[in-house]
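Text of the file model25.txt, holding compact mmCIF, N, CA and C atoms:
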```
# COMPACT_ATOMS: atom_id res chain seq x y z
N MET I 1 0.83 -1.18 0.00
CA MET I 1 0.00 0.00 0.00
C MET I 1 0.87 1.24 0.00
N LYS I 2 0.36 2.27 -0.61
CA LYS I 2 1.10 3.53 -0.72
C LYS I 2 0.47 4.56 0.21
N SER I 3 1.26 5.20 1.04
CA SER I 3 0.76 6.24 1.93
C SER I 3 0.59 7.54 1.16
N THR I 4 -0.55 8.21 1.40
CA THR I 4 -0.79 9.49 0.74
C THR I 4 -0.42 10.66 1.64
N GLY I 5 -0.22 10.40 2.92
CA GLY I 5 0.10 11.46 3.86
C GLY I 5 -1.11 12.28 4.27
N VAL I 6 -2.31 11.89 3.79
CA VAL I 6 -3.53 12.61 4.10
C VAL I 6 -4.16 12.00 5.35
N VAL I 7 -4.54 12.87 6.30
CA VAL I 7 -5.21 12.42 7.52
C VAL I 7 -6.56 13.12 7.59
N ARG I 8 -7.61 12.37 7.86
CA ARG I 8 -8.95 12.92 8.02
C ARG I 8 -9.53 12.42 9.33
N LYS I 9 -10.34 13.26 10.00
CA LYS I 9 -11.01 12.85 11.22
C LYS I 9 -12.39 12.29 10.89
N VAL I 10 -12.83 11.34 11.69
CA VAL I 10 -14.18 10.78 11.56
C VAL I 10 -15.13 11.74 12.28
N ASP I 11 -16.26 12.11 11.62
CA ASP I 11 -17.20 13.02 12.26
C ASP I 11 -18.13 12.26 13.22
N ASP I 12 -19.06 12.96 13.83
CA ASP I 12 -19.96 12.37 14.82
C ASP I 12 -20.84 11.26 14.26
N LEU I 13 -21.06 11.25 12.96
CA LEU I 13 -21.87 10.22 12.32
C LEU I 13 -21.02 9.09 11.74
N GLY I 14 -19.71 9.12 11.99
CA GLY I 14 -18.83 8.06 11.51
C GLY I 14 -18.36 8.25 10.08
N ARG I 15 -18.50 9.44 9.54
CA ARG I 15 -18.14 9.70 8.14
C ARG I 15 -16.74 10.29 8.03
N ILE I 16 -16.12 10.03 6.87
CA ILE I 16 -14.87 10.69 6.51
C ILE I 16 -15.04 11.25 5.10
N VAL I 17 -14.24 12.21 4.75
CA VAL I 17 -14.26 12.78 3.40
C VAL I 17 -13.04 12.26 2.65
N LEU I 18 -13.27 11.70 1.46
CA LEU I 18 -12.17 11.29 0.60
C LEU I 18 -11.66 12.52 -0.15
N PRO I 19 -10.38 12.82 -0.04
CA PRO I 19 -9.85 14.02 -0.71
C PRO I 19 -10.09 13.98 -2.22
N LYS I 20 -10.37 15.15 -2.78
CA LYS I 20 -10.66 15.25 -4.22
C LYS I 20 -9.54 14.68 -5.07
N GLU I 21 -8.29 14.93 -4.67
CA GLU I 21 -7.16 14.41 -5.45
C GLU I 21 -7.21 12.89 -5.56
N ILE I 22 -7.56 12.22 -4.48
CA ILE I 22 -7.65 10.75 -4.49
C ILE I 22 -8.85 10.31 -5.31
N ARG I 23 -9.99 11.00 -5.16
CA ARG I 23 -11.17 10.66 -5.95
C ARG I 23 -10.89 10.81 -7.44
N ASP I 24 -10.17 11.86 -7.81
CA ASP I 24 -9.84 12.07 -9.22
C ASP I 24 -8.94 10.96 -9.76
N VAL I 25 -7.90 10.62 -9.01
CA VAL I 25 -6.97 9.57 -9.44
C VAL I 25 -7.68 8.23 -9.61
N LEU I 26 -8.61 7.92 -8.70
CA LEU I 26 -9.30 6.63 -8.74
C LEU I 26 -10.63 6.68 -9.49
N ASP I 27 -10.92 7.81 -10.14
CA ASP I 27 -12.15 7.99 -10.92
C ASP I 27 -13.40 7.69 -10.09
N ILE I 28 -13.44 8.23 -8.87
CA ILE I 28 -14.59 8.09 -7.99
C ILE I 28 -15.41 9.37 -8.09
N ASN I 29 -16.65 9.23 -8.50
CA ASN I 29 -17.53 10.37 -8.72
C ASN I 29 -18.68 10.35 -7.72
N PRO I 30 -19.38 11.49 -7.55
CA PRO I 30 -20.55 11.49 -6.66
C PRO I 30 -21.53 10.39 -7.07
N LYS I 31 -22.09 9.73 -6.09
CA LYS I 31 -23.06 8.64 -6.25
C LYS I 31 -22.43 7.30 -6.60
N ASP I 32 -21.10 7.23 -6.84
CA ASP I 32 -20.45 5.94 -7.09
C ASP I 32 -20.51 5.09 -5.82
N ALA I 33 -20.66 3.79 -6.01
CA ALA I 33 -20.66 2.87 -4.88
C ALA I 33 -19.22 2.51 -4.52
N ILE I 34 -18.96 2.41 -3.23
CA ILE I 34 -17.64 2.07 -2.72
C ILE I 34 -17.77 0.82 -1.86
N GLU I 35 -16.92 -0.17 -2.10
CA GLU I 35 -16.90 -1.37 -1.27
C GLU I 35 -15.95 -1.14 -0.10
N ILE I 36 -16.29 -1.74 1.02
CA ILE I 36 -15.48 -1.61 2.23
C ILE I 36 -15.03 -3.00 2.66
N PHE I 37 -13.73 -3.19 2.78
CA PHE I 37 -13.13 -4.44 3.21
C PHE I 37 -12.32 -4.20 4.47
N THR I 38 -12.07 -5.25 5.21
CA THR I 38 -11.10 -5.17 6.30
C THR I 38 -9.99 -6.17 6.01
N ASP I 39 -8.79 -5.80 6.37
CA ASP I 39 -7.61 -6.66 6.23
C ASP I 39 -6.84 -6.56 7.54
N ASN I 40 -7.12 -7.50 8.43
CA ASN I 40 -6.59 -7.45 9.80
C ASN I 40 -7.01 -6.13 10.45
N ASP I 41 -6.07 -5.23 10.67
CA ASP I 41 -6.39 -3.97 11.35
C ASP I 41 -6.54 -2.80 10.38
N LYS I 42 -6.73 -3.09 9.09
CA LYS I 42 -6.84 -2.04 8.08
C LYS I 42 -8.25 -2.02 7.49
N ILE I 43 -8.68 -0.84 7.07
CA ILE I 43 -9.92 -0.67 6.31
C ILE I 43 -9.51 -0.36 4.88
N VAL I 44 -10.07 -1.09 3.94
CA VAL I 44 -9.73 -0.90 2.52
C VAL I 44 -11.00 -0.46 1.79
N LEU I 45 -10.91 0.64 1.06
CA LEU I 45 -12.02 1.15 0.25
C LEU I 45 -11.69 0.90 -1.21
N GLN I 46 -12.69 0.47 -1.96
CA GLN I 46 -12.48 0.19 -3.39
C GLN I 46 -13.74 0.56 -4.15
N LYS I 47 -13.59 1.20 -5.30
CA LYS I 47 -14.73 1.53 -6.13
C LYS I 47 -15.44 0.23 -6.52
N TYR I 48 -16.75 0.19 -6.36
CA TYR I 48 -17.51 -1.02 -6.62
C TYR I 48 -17.70 -1.22 -8.11
N ALA I 49 -17.31 -2.38 -8.59
CA ALA I 49 -17.47 -2.75 -10.00
C ALA I 49 -17.86 -4.23 -10.02
N PRO I 50 -19.16 -4.54 -10.10
CA PRO I 50 -19.61 -5.92 -9.92
C PRO I 50 -19.34 -6.88 -11.07
N ALA I 51 -18.87 -6.40 -12.19
CA ALA I 51 -18.71 -7.25 -13.37
C ALA I 51 -17.26 -7.70 -13.57
N CYS I 52 -17.11 -8.71 -14.39
CA CYS I 52 -15.80 -9.24 -14.77
C CYS I 52 -14.97 -8.13 -15.45
N VAL I 53 -13.70 -8.03 -15.09
CA VAL I 53 -12.84 -6.99 -15.67
C VAL I 53 -12.55 -7.23 -17.15
N PHE I 54 -12.72 -8.47 -17.60
CA PHE I 54 -12.42 -8.79 -19.00
C PHE I 54 -13.63 -8.65 -19.92
N CYS I 55 -14.80 -9.18 -19.49
CA CYS I 55 -15.94 -9.26 -20.41
C CYS I 55 -17.20 -8.56 -19.89
N ASN I 56 -17.15 -8.01 -18.69
CA ASN I 56 -18.29 -7.32 -18.07
C ASN I 56 -19.45 -8.24 -17.72
N ASN I 57 -19.23 -9.54 -17.74
CA ASN I 57 -20.25 -10.50 -17.31
C ASN I 57 -20.46 -10.34 -15.81
N MET I 58 -21.71 -10.42 -15.36
CA MET I 58 -22.00 -10.25 -13.94
C MET I 58 -22.32 -11.58 -13.25
N ASN I 59 -22.26 -12.69 -13.98
CA ASN I 59 -22.59 -14.01 -13.42
C ASN I 59 -21.33 -14.78 -13.07
N ASP I 60 -21.38 -15.55 -11.99
CA ASP I 60 -20.27 -16.41 -11.57
C ASP I 60 -18.95 -15.66 -11.44
N VAL I 61 -19.00 -14.47 -10.84
CA VAL I 61 -17.81 -13.64 -10.69
C VAL I 61 -17.15 -13.92 -9.33
N VAL I 62 -15.82 -14.09 -9.36
CA VAL I 62 -15.05 -14.29 -8.13
C VAL I 62 -13.92 -13.27 -8.11
N TYR I 63 -13.34 -13.06 -6.92
CA TYR I 63 -12.19 -12.18 -6.79
C TYR I 63 -10.91 -12.95 -7.08
N PHE I 64 -10.02 -12.34 -7.85
CA PHE I 64 -8.69 -12.88 -8.08
C PHE I 64 -7.72 -11.70 -8.05
N ASN I 65 -6.83 -11.71 -7.08
CA ASN I 65 -5.86 -10.61 -6.90
C ASN I 65 -6.54 -9.24 -6.87
N GLY I 66 -7.68 -9.17 -6.17
CA GLY I 66 -8.37 -7.90 -6.02
C GLY I 66 -9.22 -7.48 -7.20
N LYS I 67 -9.32 -8.32 -8.21
CA LYS I 67 -10.12 -8.02 -9.40
C LYS I 67 -11.21 -9.07 -9.55
N ARG I 68 -12.31 -8.68 -10.17
CA ARG I 68 -13.40 -9.62 -10.41
C ARG I 68 -13.22 -10.30 -11.76
N VAL I 69 -13.31 -11.61 -11.76
CA VAL I 69 -13.15 -12.39 -12.99
C VAL I 69 -14.25 -13.44 -13.01
N CYS I 70 -14.93 -13.61 -14.15
CA CYS I 70 -16.01 -14.59 -14.25
C CYS I 70 -15.46 -15.98 -14.56
N ALA I 71 -16.28 -16.99 -14.32
CA ALA I 71 -15.88 -18.38 -14.54
C ALA I 71 -15.49 -18.63 -16.00
N SER I 72 -16.21 -18.02 -16.92
CA SER I 72 -15.92 -18.21 -18.34
C SER I 72 -14.52 -17.68 -18.70
N CYS I 73 -14.17 -16.52 -18.20
CA CYS I 73 -12.84 -15.96 -18.49
C CYS I 73 -11.74 -16.76 -17.79
N ILE I 74 -12.03 -17.25 -16.59
CA ILE I 74 -11.05 -18.12 -15.91
C ILE I 74 -10.78 -19.35 -16.75
N LYS I 75 -11.84 -19.94 -17.30
CA LYS I 75 -11.69 -21.12 -18.14
C LYS I 75 -10.84 -20.80 -19.37
N GLN I 76 -11.11 -19.67 -20.01
CA GLN I 76 -10.33 -19.27 -21.19
C GLN I 76 -8.88 -19.01 -20.84
N LEU I 77 -8.62 -18.41 -19.70
CA LEU I 77 -7.25 -18.18 -19.25
C LEU I 77 -6.50 -19.49 -19.03
N LYS I 78 -7.18 -20.45 -18.41
CA LYS I 78 -6.56 -21.76 -18.16
C LYS I 78 -6.20 -22.44 -19.47
N GLU I 79 -7.05 -22.31 -20.47
CA GLU I 79 -6.81 -22.94 -21.78
C GLU I 79 -5.61 -22.33 -22.50
N GLN I 80 -5.33 -21.07 -22.22
CA GLN I 80 -4.22 -20.38 -22.89
C GLN I 80 -2.87 -20.70 -22.28
N ILE I 81 -2.88 -21.23 -21.06
CA ILE I 81 -1.62 -21.50 -20.36
C ILE I 81 -1.07 -22.84 -20.74
```

Write the structure described by the file as structure tokens, please.
Amino acid sequence: MKSTGVVRKVDDLGRIVLPKEIRDVLDINPKDAIEIFTDNDKIVLQKYAPACVFCNNMNDVVYFNGKRVCASCIKQLKEQI
């Protein structure tokens, strides 16, 4: 993980503001869905993208190295190796 050096306080409702510079770099726009993960003692935020990164299929999608890949694309990848 890369440190940005940005520190934000949590408000009374448990909210934080994502800095505009980070939102711009990650193409996060108003109304975009964000997934929240935990990794031991860390909170990880990721822009929500429910479809396969290769074919945009939304069925039988699993995570592989932090990316969503569908069963069909996994099968095609295996055949190419």

Open item on the list: One decimal, in Å: what's the spacing between atom CA of I:Asp60 and atom CA of I:Glu35?
Closed with: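 One can read the atom CA of I:Asp60 to atom CA of I:Glu35 distance as 18.5 Å.
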
Can you build me a table of stretch 12-56 of chain I residues sitting at most 8 Å from stretch 65-76 of chain I, with the closest atom pair per residue and its distance in Å to one decimal, using all atoms listed in the file, sorted by chain and residue number, as JSON lines?
```
{"residue": "I:Ala49", "atom": "C", "partner": "I:Arg68", "partner_atom": "CA", "distance": 7.0}
{"residue": "I:Pro50", "atom": "C", "partner": "I:Arg68", "partner_atom": "CA", "distance": 6.6}
{"residue": "I:Ala51", "atom": "C", "partner": "I:Arg68", "partner_atom": "C", "distance": 5.1}
{"residue": "I:Cys52", "atom": "CA", "partner": "I:Arg68", "partner_atom": "C", "distance": 4.1}
{"residue": "I:Val53", "atom": "N", "partner": "I:Arg68", "partner_atom": "C", "distance": 4.1}
{"residue": "I:Phe54", "atom": "N", "partner": "I:Val69", "partner_atom": "CA", "distance": 6.1}
{"residue": "I:Cys55", "atom": "N", "partner": "I:Cys70", "partner_atom": "N", "distance": 6.9}
{"residue": "I:Asn56", "atom": "N", "partner": "I:Cys70", "partner_atom": "N", "distance": 7.5}
```

Give me the residues within 12 Å of I:Asn29 as a PDB file with N, CA and C atoms, in the frame of the given file, counting only C-alpha atoms and dropping any in the same chain fewer than 6 places off.
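Writing the result to around_9.pdb gives the following:
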```pdb
ATOM      1  N   LEU I  18     -13.270  11.700   1.460  1.00  0.00           N
ATOM      2  CA  LEU I  18     -12.170  11.290   0.600  1.00  0.00           C
ATOM      3  C   LEU I  18     -11.660  12.520  -0.150  1.00  0.00           C
ATOM      4  N   PRO I  19     -10.380  12.820  -0.040  1.00  0.00           N
ATOM      5  CA  PRO I  19      -9.850  14.020  -0.710  1.00  0.00           C
ATOM      6  C   PRO I  19     -10.090  13.980  -2.220  1.00  0.00           C
ATOM      7  N   LYS I  20     -10.370  15.150  -2.780  1.00  0.00           N
ATOM      8  CA  LYS I  20     -10.660  15.250  -4.220  1.00  0.00           C
ATOM      9  C   LYS I  20      -9.540  14.680  -5.070  1.00  0.00           C
ATOM     10  N   GLU I  21      -8.290  14.930  -4.670  1.00  0.00           N
ATOM     11  CA  GLU I  21      -7.160  14.410  -5.450  1.00  0.00           C
ATOM     12  C   GLU I  21      -7.210  12.890  -5.560  1.00  0.00           C
ATOM     13  N   ILE I  22      -7.560  12.220  -4.480  1.00  0.00           N
ATOM     14  CA  ILE I  22      -7.650  10.750  -4.490  1.00  0.00           C
ATOM     15  C   ILE I  22      -8.850  10.310  -5.310  1.00  0.00           C
ATOM     16  N   ARG I  23      -9.990  11.000  -5.160  1.00  0.00           N
ATOM     17  CA  ARG I  23     -11.170  10.660  -5.950  1.00  0.00           C
ATOM     18  C   ARG I  23     -10.890  10.810  -7.440  1.00  0.00           C
ATOM     19  N   LYS I  47     -13.590   1.200  -5.300  1.00  0.00           N
ATOM     20  CA  LYS I  47     -14.730   1.530  -6.130  1.00  0.00           C
ATOM     21  C   LYS I  47     -15.440   0.230  -6.520  1.00  0.00           C
ATOM     22  N   TYR I  48     -16.750   0.190  -6.360  1.00  0.00           N
ATOM     23  CA  TYR I  48     -17.510  -1.020  -6.620  1.00  0.00           C
ATOM     24  C   TYR I  48     -17.700  -1.220  -8.110  1.00  0.00           C
TER      25      TYR I  48
END
```

TODO: Please identify which residues in chain I DSSP calls strand (DSSP E) from the backbone, and express them as a ChimeraX atom specification.
DONE: /I:34-39,42-47,61-64,67-70

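Here atom CA of I:Leu26 and atom CA of I:Asn59 stand 25.0 Å from one another.
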
TODO: Report as number ranges by chain: the residues of chain I with a DSSP assignment of helix (DSSP H, G or I), based on the backbone of this structure.
DONE: I: 20-25, 71-80

Could you dump the residues just selected with N, CA and C atoms as a PDB file, keeping the file's coordinate frame?
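Contents of again_21.pdb, freshly written:
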```pdb
ATOM      1  N   LYS I  20     -10.370  15.150  -2.780  1.00  0.00           N
ATOM      2  CA  LYS I  20     -10.660  15.250  -4.220  1.00  0.00           C
ATOM      3  C   LYS I  20      -9.540  14.680  -5.070  1.00  0.00           C
ATOM      4  N   GLU I  21      -8.290  14.930  -4.670  1.00  0.00           N
ATOM      5  CA  GLU I  21      -7.160  14.410  -5.450  1.00  0.00           C
ATOM      6  C   GLU I  21      -7.210  12.890  -5.560  1.00  0.00           C
ATOM      7  N   ILE I  22      -7.560  12.220  -4.480  1.00  0.00           N
ATOM      8  CA  ILE I  22      -7.650  10.750  -4.490  1.00  0.00           C
ATOM      9  C   ILE I  22      -8.850  10.310  -5.310  1.00  0.00           C
ATOM     10  N   ARG I  23      -9.990  11.000  -5.160  1.00  0.00           N
ATOM     11  CA  ARG I  23     -11.170  10.660  -5.950  1.00  0.00           C
ATOM     12  C   ARG I  23     -10.890  10.810  -7.440  1.00  0.00           C
ATOM     13  N   ASP I  24     -10.170  11.860  -7.810  1.00  0.00           N
ATOM     14  CA  ASP I  24      -9.840  12.070  -9.220  1.00  0.00           C
ATOM     15  C   ASP I  24      -8.940  10.960  -9.760  1.00  0.00           C
ATOM     16  N   VAL I  25      -7.900  10.620  -9.010  1.00  0.00           N
ATOM     17  CA  VAL I  25      -6.970   9.570  -9.440  1.00  0.00           C
ATOM     18  C   VAL I  25      -7.680   8.230  -9.610  1.00  0.00           C
ATOM     19  N   ALA I  71     -16.280 -16.990 -14.320  1.00  0.00           N
ATOM     20  CA  ALA I  71     -15.880 -18.380 -14.540  1.00  0.00           C
ATOM     21  C   ALA I  71     -15.490 -18.630 -16.000  1.00  0.00           C
ATOM     22  N   SER I  72     -16.210 -18.020 -16.920  1.00  0.00           N
ATOM     23  CA  SER I  72     -15.920 -18.210 -18.340  1.00  0.00           C
ATOM     24  C   SER I  72     -14.520 -17.680 -18.700  1.00  0.00           C
ATOM     25  N   CYS I  73     -14.170 -16.520 -18.200  1.00  0.00           N
ATOM     26  CA  CYS I  73     -12.840 -15.960 -18.490  1.00  0.00           C
ATOM     27  C   CYS I  73     -11.740 -16.760 -17.790  1.00  0.00           C
ATOM     28  N   ILE I  74     -12.030 -17.250 -16.590  1.00  0.00           N
ATOM     29  CA  ILE I  74     -11.050 -18.120 -15.910  1.00  0.00           C
ATOM     30  C   ILE I  74     -10.780 -19.350 -16.750  1.00  0.00           C
ATOM     31  N   LYS I  75     -11.840 -19.940 -17.300  1.00  0.00           N
ATOM     32  CA  LYS I  75     -11.690 -21.120 -18.140  1.00  0.00           C
ATOM     33  C   LYS I  75     -10.840 -20.800 -19.370  1.00  0.00           C
ATOM     34  N   GLN I  76     -11.110 -19.670 -20.010  1.00  0.00           N
ATOM     35  CA  GLN I  76     -10.330 -19.270 -21.190  1.00  0.00           C
ATOM     36  C   GLN I  76      -8.880 -19.010 -20.840  1.00  0.00           C
ATOM     37  N   LEU I  77      -8.620 -18.410 -19.700  1.00  0.00           N
ATOM     38  CA  LEU I  77      -7.250 -18.180 -19.250  1.00  0.00           C
ATOM     39  C   LEU I  77      -6.500 -19.490 -19.030  1.00  0.00           C
ATOM     40  N   LYS I  78      -7.180 -20.450 -18.410  1.00  0.00           N
ATOM     41  CA  LYS I  78      -6.560 -21.760 -18.160  1.00  0.00           C
ATOM     42  C   LYS I  78      -6.200 -22.440 -19.470  1.00  0.00           C
ATOM     43  N   GLU I  79      -7.050 -22.310 -20.470  1.00  0.00           N
ATOM     44  CA  GLU I  79      -6.810 -22.940 -21.780  1.00  0.00           C
ATOM     45  C   GLU I  79      -5.610 -22.330 -22.500  1.00  0.00           C
ATOM     46  N   GLN I  80      -5.330 -21.070 -22.220  1.00  0.00           N
ATOM     47  CA  GLN I  80      -4.220 -20.380 -22.890  1.00  0.00           C
ATOM     48  C   GLN I  80      -2.870 -20.700 -22.280  1.00  0.00           C
TER      49      GLN I  80
END
```

TODO: State, in Å with one decimal place, the distance from atom N of I:Ile28 to atom N of I:Leu45.
DONE: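 Atom N of I:Leu45 lies at a distance of 12.8 Å from atom N of I:Ile28.
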
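With all atoms listed in the file as the atoms that count, the minimum distance from I:Ala33 to the choices I:Asp12, I:Glu79, I:Gln46, I:Val17 is reached by I:Gln46.
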